[in-house]
$ cat run.txt   # compact mmCIF, C-alpha atoms and all ligand atoms
# COMPACT_ATOMS: atom_id res chain seq x y z
CA MET V 1 6.95 -3.99 15.49
CA ARG V 2 9.63 -4.44 12.86
CA MET V 3 10.26 -1.12 11.08
CA VAL V 4 10.85 -1.14 7.34
CA PHE V 5 11.15 1.62 4.74
CA ARG V 6 9.96 1.79 1.15
CA TRP V 7 12.75 2.18 -1.40
CA PHE V 8 12.10 2.37 -5.15
CA GLY V 9 15.47 0.99 -6.20
CA GLU V 10 18.88 2.09 -7.42
CA GLY V 11 18.54 4.91 -9.94
CA ASN V 12 14.80 5.07 -9.30
CA ASP V 13 14.74 6.83 -5.92
CA ALA V 14 16.22 10.14 -4.75
CA VAL V 15 16.60 8.60 -1.29
CA SER V 16 19.81 6.58 -0.87
CA LEU V 17 20.39 3.48 1.22
CA ASP V 18 23.11 5.40 3.11
CA HIS V 19 20.46 7.88 4.21
CA ILE V 20 17.89 5.25 5.11
CA LYS V 21 20.58 3.62 7.26
CA GLN V 22 20.65 6.76 9.43
CA ILE V 23 16.95 6.53 10.38
CA PRO V 24 16.75 4.90 13.84
CA GLY V 25 15.35 1.39 14.00
CA VAL V 26 14.89 0.60 10.29
CA GLU V 27 15.81 -3.03 9.69
CA GLY V 28 14.68 -3.68 6.12
CA LEU V 29 13.63 -2.35 2.73
CA VAL V 30 10.19 -2.53 1.19
CA TRP V 31 10.92 -3.01 -2.48
CA SER V 32 9.69 -4.07 -5.89
CA LEU V 33 10.88 -4.42 -9.47
CA HIS V 34 8.96 -1.39 -10.66
CA ASP V 35 9.83 -1.73 -14.33
CA ILE V 36 8.37 -5.23 -14.73
CA PRO V 37 4.84 -5.00 -16.14
CA ALA V 38 2.01 -6.56 -14.11
CA GLY V 39 1.50 -10.19 -15.06
CA GLU V 40 5.10 -10.99 -15.99
CA GLU V 41 7.28 -13.45 -14.11
CA TRP V 42 10.13 -11.72 -12.24
CA PRO V 43 13.67 -12.77 -13.26
CA LEU V 44 15.67 -14.34 -10.43
CA GLU V 45 18.83 -12.35 -11.32
CA ARG V 46 16.97 -9.08 -10.82
CA ILE V 47 15.66 -10.25 -7.44
CA GLU V 48 19.15 -11.33 -6.38
CA GLU V 49 20.56 -7.98 -7.44
CA VAL V 50 18.28 -6.15 -4.98
CA LYS V 51 19.23 -8.65 -2.29
CA GLN V 52 22.93 -7.87 -2.80
CA GLN V 53 22.33 -4.10 -2.67
CA ALA V 54 20.37 -4.47 0.57
CA ASP V 55 22.93 -6.86 2.10
CA LYS V 56 25.70 -4.29 1.64
CA HIS V 57 23.80 -1.94 3.92
CA GLY V 58 22.71 -4.58 6.40
CA PHE V 59 19.03 -4.44 5.40
CA HIS V 60 16.73 -7.39 4.80
CA ILE V 61 14.29 -7.53 1.87
CA ASP V 62 11.54 -9.48 3.65
CA VAL V 63 8.69 -7.28 2.35
CA VAL V 64 7.82 -6.76 -1.30
CA GLU V 65 5.40 -3.98 -2.29
CA SER V 66 3.96 -4.75 -4.71
CA VAL V 67 3.74 -7.71 -7.04
CA ASN V 68 0.96 -6.15 -9.11
CA ILE V 69 -2.03 -8.10 -10.33
CA HIS V 70 -2.74 -8.17 -14.07
CA GLU V 71 -6.08 -6.57 -15.00
CA ASP V 72 -7.23 -9.82 -16.67
CA ILE V 73 -7.20 -11.48 -13.22
CA LYS V 74 -9.36 -8.69 -11.77
CA LEU V 75 -11.63 -8.84 -14.81
CA GLY V 76 -11.90 -12.63 -14.56
CA LEU V 77 -10.94 -13.19 -18.22
CA PRO V 78 -9.90 -16.68 -19.45
CA THR V 79 -6.37 -15.35 -19.99
CA ARG V 80 -6.05 -14.88 -16.20
CA ASP V 81 -4.70 -18.43 -15.69
CA LYS V 82 -1.48 -17.65 -17.52
CA TYR V 83 -0.90 -14.55 -15.37
CA ILE V 84 -1.72 -16.48 -12.19
CA GLU V 85 0.87 -19.10 -13.19
CA ASN V 86 3.46 -16.31 -13.62
CA TYR V 87 2.50 -14.97 -10.18
CA LYS V 88 3.11 -18.39 -8.63
CA ARG V 89 6.55 -18.62 -10.24
CA THR V 90 7.40 -15.15 -8.89
CA ILE V 91 6.34 -16.24 -5.38
CA GLU V 92 8.66 -19.26 -5.62
CA LYS V 93 11.58 -17.11 -6.69
CA LEU V 94 10.96 -14.52 -3.98
CA SER V 95 11.00 -17.27 -1.36
CA LYS V 96 14.48 -18.27 -2.55
CA VAL V 97 15.89 -14.95 -1.27
CA GLY V 98 13.90 -15.14 1.98
CA VAL V 99 10.95 -12.84 1.22
CA LYS V 100 8.24 -13.21 3.91
CA VAL V 101 5.44 -10.84 2.84
CA ILE V 102 4.00 -9.77 -0.51
CA CYS V 103 1.80 -6.68 -0.50
CA TYR V 104 -0.55 -6.25 -3.46
CA ASN V 105 -3.85 -4.59 -4.22
CA PHE V 106 -6.99 -5.55 -6.11
CA MET V 107 -8.15 -2.13 -7.28
CA PRO V 108 -9.47 -2.06 -10.85
CA VAL V 109 -7.43 0.16 -13.19
CA PHE V 110 -6.12 2.73 -10.71
CA ASP V 111 -3.86 2.41 -7.69
CA TRP V 112 -4.09 5.21 -5.10
CA THR V 113 -5.79 8.26 -6.54
CA ARG V 114 -5.26 11.93 -5.75
CA THR V 115 -6.17 15.16 -7.54
CA ASP V 116 -3.14 17.21 -6.44
CA LEU V 117 0.26 15.79 -5.54
CA PHE V 118 1.69 19.03 -4.14
CA LYS V 119 -1.11 20.82 -2.27
CA ALA V 120 0.16 23.41 0.22
CA LEU V 121 -0.48 22.84 3.92
CA ASP V 122 -0.62 25.78 6.37
CA ASP V 123 2.93 25.08 7.56
CA GLY V 124 4.37 25.72 4.07
CA SER V 125 4.99 22.07 3.21
CA THR V 126 3.06 20.25 0.46
CA ALA V 127 1.26 16.93 0.48
CA LEU V 128 -1.03 14.61 -1.50
CA PHE V 129 -4.60 15.91 -1.73
CA TYR V 130 -7.91 14.38 -2.84
CA GLU V 131 -10.75 16.60 -3.99
CA LYS V 132 -13.88 14.49 -3.97
CA ALA V 133 -16.03 16.67 -6.22
CA LYS V 134 -13.30 16.83 -8.84
CA VAL V 135 -13.11 13.04 -9.09
CA GLU V 136 -16.90 12.63 -8.97
CA ASN V 137 -17.56 15.17 -11.69
CA MET V 138 -14.96 13.89 -14.06
CA ASP V 139 -15.78 11.63 -16.95
CA PRO V 140 -13.19 8.82 -16.95
CA ILE V 141 -12.39 9.27 -20.62
CA GLU V 142 -11.89 13.00 -20.18
CA LEU V 143 -9.61 12.07 -17.33
CA VAL V 144 -7.58 9.77 -19.58
CA GLU V 145 -7.07 12.62 -22.01
CA LYS V 146 -5.99 14.98 -19.25
CA ILE V 147 -3.42 12.55 -17.89
CA ALA V 148 -2.17 11.87 -21.41
CA SER V 149 -1.63 15.58 -22.02
CA ASN V 150 -0.26 15.86 -18.47
CA GLN V 151 -2.27 18.93 -17.63
CA ASP V 152 -3.60 19.90 -14.29
CA PHE V 153 -4.29 16.35 -13.15
CA THR V 154 -1.76 13.68 -12.31
CA MET V 155 -2.19 10.00 -11.64
CA PRO V 156 0.63 7.97 -10.21
CA GLY V 157 1.88 4.93 -12.04
CA TRP V 158 0.39 5.67 -15.42
CA GLU V 159 2.72 4.84 -18.24
CA PRO V 160 1.71 6.03 -21.76
CA GLU V 161 1.27 2.43 -23.01
CA ARG V 162 -1.29 1.69 -20.35
CA LEU V 163 -3.12 4.93 -21.01
CA LYS V 164 -3.81 3.88 -24.57
CA SER V 165 -5.61 0.78 -23.40
CA LEU V 166 -7.49 2.65 -20.69
CA LYS V 167 -10.61 3.16 -22.73
CA ASN V 168 -10.76 -0.57 -23.52
CA LEU V 169 -10.28 -1.33 -19.84
CA PHE V 170 -13.21 0.87 -18.86
CA ASP V 171 -15.36 -0.95 -21.43
CA ALA V 172 -14.27 -4.31 -20.03
CA TYR V 173 -15.03 -3.26 -16.43
CA SER V 174 -18.49 -2.02 -17.40
CA LYS V 175 -19.46 -5.72 -17.38
CA VAL V 176 -17.88 -6.47 -13.96
CA SER V 177 -20.12 -5.99 -10.92
CA THR V 178 -18.90 -5.68 -7.33
CA GLU V 179 -19.87 -9.33 -6.74
CA ASP V 180 -17.94 -10.36 -9.87
CA LEU V 181 -14.86 -8.59 -8.48
CA TRP V 182 -15.24 -10.52 -5.19
CA ASN V 183 -15.49 -13.78 -7.16
CA ASN V 184 -12.42 -12.91 -9.23
CA LEU V 185 -10.50 -12.15 -6.04
CA GLN V 186 -11.57 -15.48 -4.54
CA TYR V 187 -10.47 -17.34 -7.68
CA PHE V 188 -7.05 -15.67 -7.45
CA LEU V 189 -6.66 -16.45 -3.74
CA GLU V 190 -7.68 -20.10 -4.12
CA GLN V 191 -4.86 -20.53 -6.61
CA ILE V 192 -2.24 -18.40 -4.90
CA ILE V 193 -2.58 -19.02 -1.15
CA PRO V 194 -1.56 -22.73 -1.30
CA VAL V 195 1.61 -21.69 -3.14
CA ALA V 196 2.25 -18.93 -0.60
CA GLU V 197 1.84 -21.48 2.22
CA VAL V 198 4.35 -23.91 0.71
CA ASN V 199 6.83 -21.05 0.17
CA ASP V 200 6.21 -19.48 3.61
CA ILE V 201 5.27 -16.09 2.18
CA LYS V 202 2.29 -14.19 3.59
CA MET V 203 0.09 -12.46 1.04
CA ALA V 204 -1.12 -9.08 2.34
CA ILE V 205 -3.75 -7.17 0.37
CA HIS V 206 -3.59 -3.37 0.55
CA PRO V 207 -6.94 -1.60 1.07
CA ASP V 208 -8.42 0.49 -1.71
CA ASP V 209 -7.39 4.11 -1.67
CA PRO V 210 -9.68 5.99 -1.35
CA PRO V 211 -11.90 3.30 0.19
CA TRP V 212 -14.92 3.83 -2.09
CA PRO V 213 -15.70 3.19 -5.77
CA ILE V 214 -14.34 5.81 -8.18
CA PHE V 215 -15.09 6.48 -11.86
CA GLY V 216 -17.83 3.84 -11.75
CA LEU V 217 -15.27 1.08 -11.04
CA PRO V 218 -16.01 -1.39 -8.23
CA ARG V 219 -13.83 -1.47 -5.09
CA VAL V 220 -14.04 -4.11 -2.36
CA ILE V 221 -11.30 -3.70 0.29
CA THR V 222 -12.87 -0.65 1.86
CA SER V 223 -14.29 -1.37 5.33
CA HIS V 224 -14.21 -3.49 8.50
CA GLU V 225 -16.99 -5.74 7.25
CA ASN V 226 -15.42 -6.19 3.82
CA ILE V 227 -12.01 -7.06 5.30
CA ARG V 228 -13.76 -9.65 7.48
CA ARG V 229 -15.37 -11.08 4.35
CA PHE V 230 -12.03 -11.01 2.52
CA LEU V 231 -10.23 -12.97 5.26
CA LYS V 232 -12.87 -15.71 5.08
CA LEU V 233 -12.53 -16.12 1.29
CA VAL V 234 -9.53 -18.31 2.08
CA ASP V 235 -9.20 -18.75 5.82
CA SER V 236 -5.44 -19.15 6.13
CA PRO V 237 -2.77 -17.19 8.04
CA TYR V 238 -1.13 -16.75 4.63
CA ASN V 239 -4.12 -14.75 3.40
CA GLY V 240 -3.66 -11.42 5.19
CA VAL V 241 -3.99 -7.66 4.99
CA THR V 242 -1.58 -4.73 4.71
CA LEU V 243 -3.62 -2.62 7.11
CA CYS V 244 -3.18 0.94 5.82
CA SER V 245 -4.44 3.54 8.30
CA GLY V 246 -4.27 6.28 5.67
CA SER V 247 -6.26 4.51 2.97
CA LEU V 248 -8.96 3.27 5.34
CA GLY V 249 -8.86 6.50 7.36
CA ALA V 250 -10.26 8.58 4.49
CA ASN V 251 -13.69 7.22 5.50
CA PRO V 252 -14.61 8.49 9.01
CA GLU V 253 -16.73 5.37 9.57
CA ASN V 254 -13.67 3.12 9.56
CA ASP V 255 -12.65 2.43 13.18
CA ILE V 256 -9.03 1.42 12.56
CA PRO V 257 -8.02 0.52 16.16
CA ALA V 258 -11.02 -1.87 16.20
CA MET V 259 -9.81 -3.44 12.94
CA VAL V 260 -6.29 -3.87 14.34
CA ARG V 261 -7.68 -5.60 17.44
CA GLU V 262 -9.92 -7.95 15.46
CA PHE V 263 -7.54 -8.82 12.62
CA ALA V 264 -4.16 -8.61 14.44
CA ASP V 265 -3.05 -12.17 13.60
CA ARG V 266 -3.87 -11.59 9.92
CA ILE V 267 -1.88 -8.35 9.55
CA PRO V 268 1.67 -9.26 8.51
CA PHE V 269 2.33 -5.68 7.39
CA ALA V 270 1.10 -2.32 8.72
CA HIS V 271 1.09 1.00 6.87
CA ILE V 272 0.79 3.83 9.37
CA ARG V 273 0.03 7.40 8.29
CA ASN V 274 -2.33 10.27 9.04
CA LEU V 275 -4.58 12.54 6.97
CA LYS V 276 -6.97 15.40 7.59
CA ARG V 277 -10.56 14.93 6.43
CA PHE V 278 -12.83 17.79 5.45
CA ASP V 279 -16.63 17.76 5.74
CA ASN V 280 -17.09 17.73 1.95
CA GLY V 281 -15.19 14.43 1.58
CA ASP V 282 -11.86 15.97 0.56
CA PHE V 283 -8.72 14.95 2.43
CA ILE V 284 -5.07 15.95 2.62
CA GLU V 285 -2.19 13.90 3.97
CA THR V 286 -0.47 15.32 7.06
CA SER V 287 2.42 14.54 9.38
CA HIS V 288 2.07 11.26 11.28
CA ARG V 289 1.27 13.06 14.54
CA THR V 290 -2.25 12.35 15.87
CA ALA V 291 -2.92 16.04 16.58
CA ASP V 292 -2.16 17.03 12.98
CA GLY V 293 -4.85 14.95 11.29
CA SER V 294 -8.14 13.07 11.68
CA VAL V 295 -6.70 9.57 12.16
CA ASP V 296 -5.98 8.51 15.74
CA ILE V 297 -2.42 7.26 15.22
CA THR V 298 -1.85 7.02 19.00
CA ASN V 299 -4.69 4.56 19.49
CA ILE V 300 -3.81 2.64 16.34
CA VAL V 301 -0.27 2.08 17.68
CA LYS V 302 -1.79 1.19 21.06
CA ALA V 303 -4.02 -1.42 19.40
CA TYR V 304 -0.96 -2.97 17.71
CA HIS V 305 0.98 -2.85 20.97
CA ASP V 306 -1.85 -4.40 23.01
CA SER V 307 -2.14 -7.15 20.37
CA GLY V 308 1.56 -8.03 20.75
CA PHE V 309 2.15 -7.11 17.09
CA THR V 310 5.40 -8.58 15.76
CA GLY V 311 4.77 -7.88 12.05
CA TYR V 312 6.43 -5.38 9.74
CA ALA V 313 5.41 -1.71 9.76
CA ARG V 314 6.31 1.29 7.70
CA PRO V 315 5.45 4.96 7.75
CA ASP V 316 3.40 5.40 4.62
CA HIS V 317 3.38 8.63 2.64
CA GLY V 318 4.93 11.79 4.07
CA ARG V 319 4.65 15.49 3.31
CA HIS V 320 7.30 17.21 1.19
CA ILE V 321 9.25 19.32 3.67
CA TRP V 322 12.46 21.36 3.84
CA ASP V 323 12.46 21.86 0.04
CA GLU V 324 13.12 18.19 -0.59
CA GLN V 325 12.88 17.11 -4.25
CA CYS V 326 11.38 13.65 -4.17
CA ARG V 327 8.71 11.31 -5.47
CA PRO V 328 5.26 12.51 -4.40
CA GLY V 329 4.64 11.18 -0.88
CA TYR V 330 7.98 9.41 -0.67
CA GLY V 331 10.56 11.88 0.59
CA LEU V 332 13.13 10.98 3.22
CA TYR V 333 12.50 13.68 5.80
CA ASP V 334 8.84 13.43 6.72
CA ARG V 335 8.81 9.66 6.61
CA ALA V 336 11.82 9.66 8.96
CA LEU V 337 9.97 12.01 11.31
CA GLY V 338 6.99 9.65 11.10
CA ILE V 339 9.17 6.73 12.15
CA MET V 340 10.45 8.62 15.17
CA TYR V 341 6.86 9.43 16.18
CA LEU V 342 5.88 5.76 15.86
CA TRP V 343 8.91 4.62 17.87
CA GLY V 344 8.18 7.30 20.49
CA LEU V 345 4.68 5.96 21.00
CA TRP V 346 5.82 2.35 20.90
CA ASP V 347 8.74 2.75 23.32
CA ALA V 348 6.56 4.64 25.80
CA MET V 349 4.01 1.81 25.66
CA GLU V 350 6.71 -0.83 26.12
CA ASN V 351 8.08 1.06 29.10
CA GLU V 352 4.64 1.34 30.62
CA LYS V 353 4.06 -2.39 30.16
CA GLN V 354 7.39 -3.30 31.74
CA SER V 355 6.92 -1.08 34.75
CA SER V 356 3.39 -2.40 35.33
CA THR V 357 4.61 -6.01 35.38
CA LYS V 358 7.45 -5.30 37.85
C1 LIG F 401 -1.02 3.89 -0.31
C2 LIG F 401 0.23 3.22 -0.71
C3 LIG F 401 -0.02 2.44 -2.02
C4 LIG F 401 0.39 0.99 -1.99
C5 LIG F 401 -0.16 0.13 -3.10
C6 LIG F 401 -0.02 -1.34 -2.75
O1 LIG F 401 -1.44 3.96 0.80
O2 LIG F 401 0.69 2.49 0.34
O3 LIG F 401 0.72 3.06 -3.02
O4 LIG F 401 1.75 0.91 -2.08
O5 LIG F 401 -1.49 0.40 -3.35
O6 LIG F 401 -0.27 -2.15 -3.83
MN MN F 402 -0.67 2.38 2.27

$ encode --input "run.txt" --output "structure tokens" --more "lines below"
Ligand code: DNO
Ligand code: MN
Amino acid sequence: MRMVFRWFGEGNDAVSLDHIKQIPGVEGLVWSLHDIPAGEEWPLERIEEVKQQADKHGFHIDVVESVNIHEDIKLGLPTRDKYIENYKRTIEKLSKVGVKVICYNFMPVFDWTRTDLFKALDDGSTALFYEKAKVENMDPIELVEKIASNQDFTMPGWEPERLKSLKNLFDAYSKVSTEDLWNNLQYFLEQIIPVAEVNDIKMAIHPDDPPWPIFGLPRVITSHENIRRFLKLVDSPYNGVTLCSGSLGANPENDIPAMVREFADRIPFAHIRNLKRFDNGDFIETSHRTADGSVDITNIVKAYHDSGFTGYARPDHGRHIWDEQCRPGYGLYDRALGIMYLWGLWDAMENEKQSSTK
């Protein structure tokens, strides 16, 4: 397990590289060029700039999260080919600085969705919260207006320009069925995976979060069976998954250790985090510790360990603790605690394995 840590970039993250350096066992940064709109080709100078910043601190930049997919690709519009060409050029440039994994997602319109970014937990910390009924009872257009006026409801990653086109996007997706979305994903993969192979970069799709359709929009990377189907769309080691225990774990039917065991050689990148599910479908993110949530982190790590996992892993979101002012879900402290929990489990398993083979 090669531990990496998400960093949003110089001037764009309250967490510094000096601080990340002090977390035990972190070897690289998970990064992106967050200001480049989806669909545009990334400039090589900007990529090299991040490489230099990371080099100074002795970190690698092997994992990019994310190179986002333009909506026209997900919608299957004729204009998609131009955006797919740009994506290929970005892959080629990323390989020049040694990138090994690109994480991306194929969720229509929204990335991860929550209804409260700072919900209080019993211990006095706050964390990301999802209230199912709130999302189900909300008309998407009413939602757009609420985000635009920034009241009561927050969605990550929503710039004002994109909000304006949101209504048009919803209209466009009203014609896209779940099977259409699968076909559009296959079209993308058939173009991209050969380029990834030549450039030795593994593509790793992130599951949908939450793993069910929201606002009437289709979602496909949601379950064991669907991930199996996804991996067969293009059956190559370069077509892989960012297995996210938190995203998939919101559905109690997802047996994540079983997924790890079945898909191990197609998981170049693991996201490991916990959450607590409630009977009504709501969930709140918790510390990484197994006992604190509903996701069996211990047995997930065991499944990776038993599979001889040598891929990259990161703690995913953390709570906001000790009065830290940070991006929602991306503080330093709780993610660092998460890493120590993951290493604790891992090292104990390694020790056990070594003493049993003596
Ligand atoms: C949620 C997070 C996501 C992820 C993107 C990948 O679990 O890991 O924000 O970064 O969806 O494209
Ligand atoms: Mn994740």

$ residues_near_ligand --input "run.txt" --ligand "ligand MN 402 (chain F)" --cutoff "7 Å" --atoms "all atoms listed in the file" --output "list of chain:residue names"
V:His206, V:Cys244, V:Gly246, V:Ser247, V:His271, V:Asp316

$ closest_residue --input "run.txt" --among "V:Ile69, V:Ile272, V:Ile339, V:Ile284" --to "Tyr83 (chain V)" --atoms "all atoms listed in the file"
V:Ile69

$ residues_near_ligand --input "run.txt" --ligand "ligand LIG 401 (chain F)" --cutoff "8 Å" --atoms "only C-alpha atoms and all ligand atoms" --output "NGL selection string"
:V and (65-68 or 103-106 or 111-112 or 205-209 or 244 or 246-247 or 271 or 316-317)

$ atom_distance --input "run.txt" --atom1 "CA of Leu77 (chain V)" --atom2 "CA of Leu189 (chain V)"
15.4 Å

$ residues_around --input "run.txt" --residues "Val109 (chain V)" --least-positions-apart "3" --cutoff "9 Å" --atoms "all atoms listed in the file" --output "list in words"
Glu71, Leu166, Leu169, Phe170, Tyr173 and Leu217 of chain V

$ closest_residue --input "run.txt" --among "V:Glu27, V:Asp296, V:Phe269, V:Val101" --to "Ala313 (chain V)" --atoms "all atoms listed in the file"
V:Phe269

$ residues_around --input "run.txt" --residues "region 227-230 of chain V" --least-positions-apart "5" --cutoff "10 Å" --atoms "only C-alpha atoms" --output "PyMOL selection string"
chain V and resi 182+185-186+189+205+207+220-222+235+239-241+243+259+262-263

$ closest_residue --input "run.txt" --among "V:Lys74, V:Arg319, V:Lys56, V:Lys100" --to "Met203 (chain V)" --atoms "all atoms listed in the file"
V:Lys100

$ closest_residue --input "run.txt" --among "V:Val26, V:Glu41, V:Ile73, V:Leu17" --to "His57 (chain V)" --atoms "only C-alpha atoms"
V:Leu17

$ closest_residue --input "run.txt" --among "V:Glu40, V:Asp292, V:Glu48, V:Asp116" --to "Lys82 (chain V)" --atoms "all atoms listed in the file"
V:Glu40

$ atom_distance --input "run.txt" --atom1 "CA of Lys134 (chain V)" --atom2 "CA of Val176 (chain V)"
24.3 Å

$ closest_residue --input "run.txt" --among "V:Glu92, V:Asp323, V:Asp81, V:Glu352" --to "Pro194 (chain V)" --atoms "only C-alpha atoms"
V:Glu92

$ atom_distance --input "run.txt" --atom1 "CA of Leu181 (chain V)" --atom2 "CA of His70 (chain V)"
13.4 Å

$ residues_around --input "run.txt" --residues "Ile47 (chain V)" --least-positions-apart "4" --cutoff "12 Å" --atoms "all atoms listed in the file" --output "number ranges by chain"
V: 9, 31-34, 36, 41-43, 51-54, 61-62, 64, 90-99

$ residues_near_point --input "run.txt" --point "(0.6, 3.0, 26.5)" --cutoff "10 Å" --atoms "only C-alpha atoms" --output "short mmCIF file (atom, residue, chain, number, x, y, z; two decimals) with C-alpha atoms, in the frame of the given file"
data_model
loop_
_atom_site.label_atom_id
_atom_site.label_comp_id
_atom_site.auth_asym_id
_atom_site.auth_seq_id
_atom_site.Cartn_x
_atom_site.Cartn_y
_atom_site.Cartn_z
CA THR V 298 -1.85 7.02 19.00
CA ASN V 299 -4.69 4.56 19.49
CA VAL V 301 -0.27 2.08 17.68
CA LYS V 302 -1.79 1.19 21.06
CA ALA V 303 -4.02 -1.42 19.40
CA HIS V 305 0.98 -2.85 20.97
CA ASP V 306 -1.85 -4.40 23.01
CA LEU V 345 4.68 5.96 21.00
CA TRP V 346 5.82 2.35 20.90
CA ASP V 347 8.74 2.75 23.32
CA ALA V 348 6.56 4.64 25.80
CA MET V 349 4.01 1.81 25.66
CA GLU V 350 6.71 -0.83 26.12
CA ASN V 351 8.08 1.06 29.10
CA GLU V 352 4.64 1.34 30.62
CA LYS V 353 4.06 -2.39 30.16
#
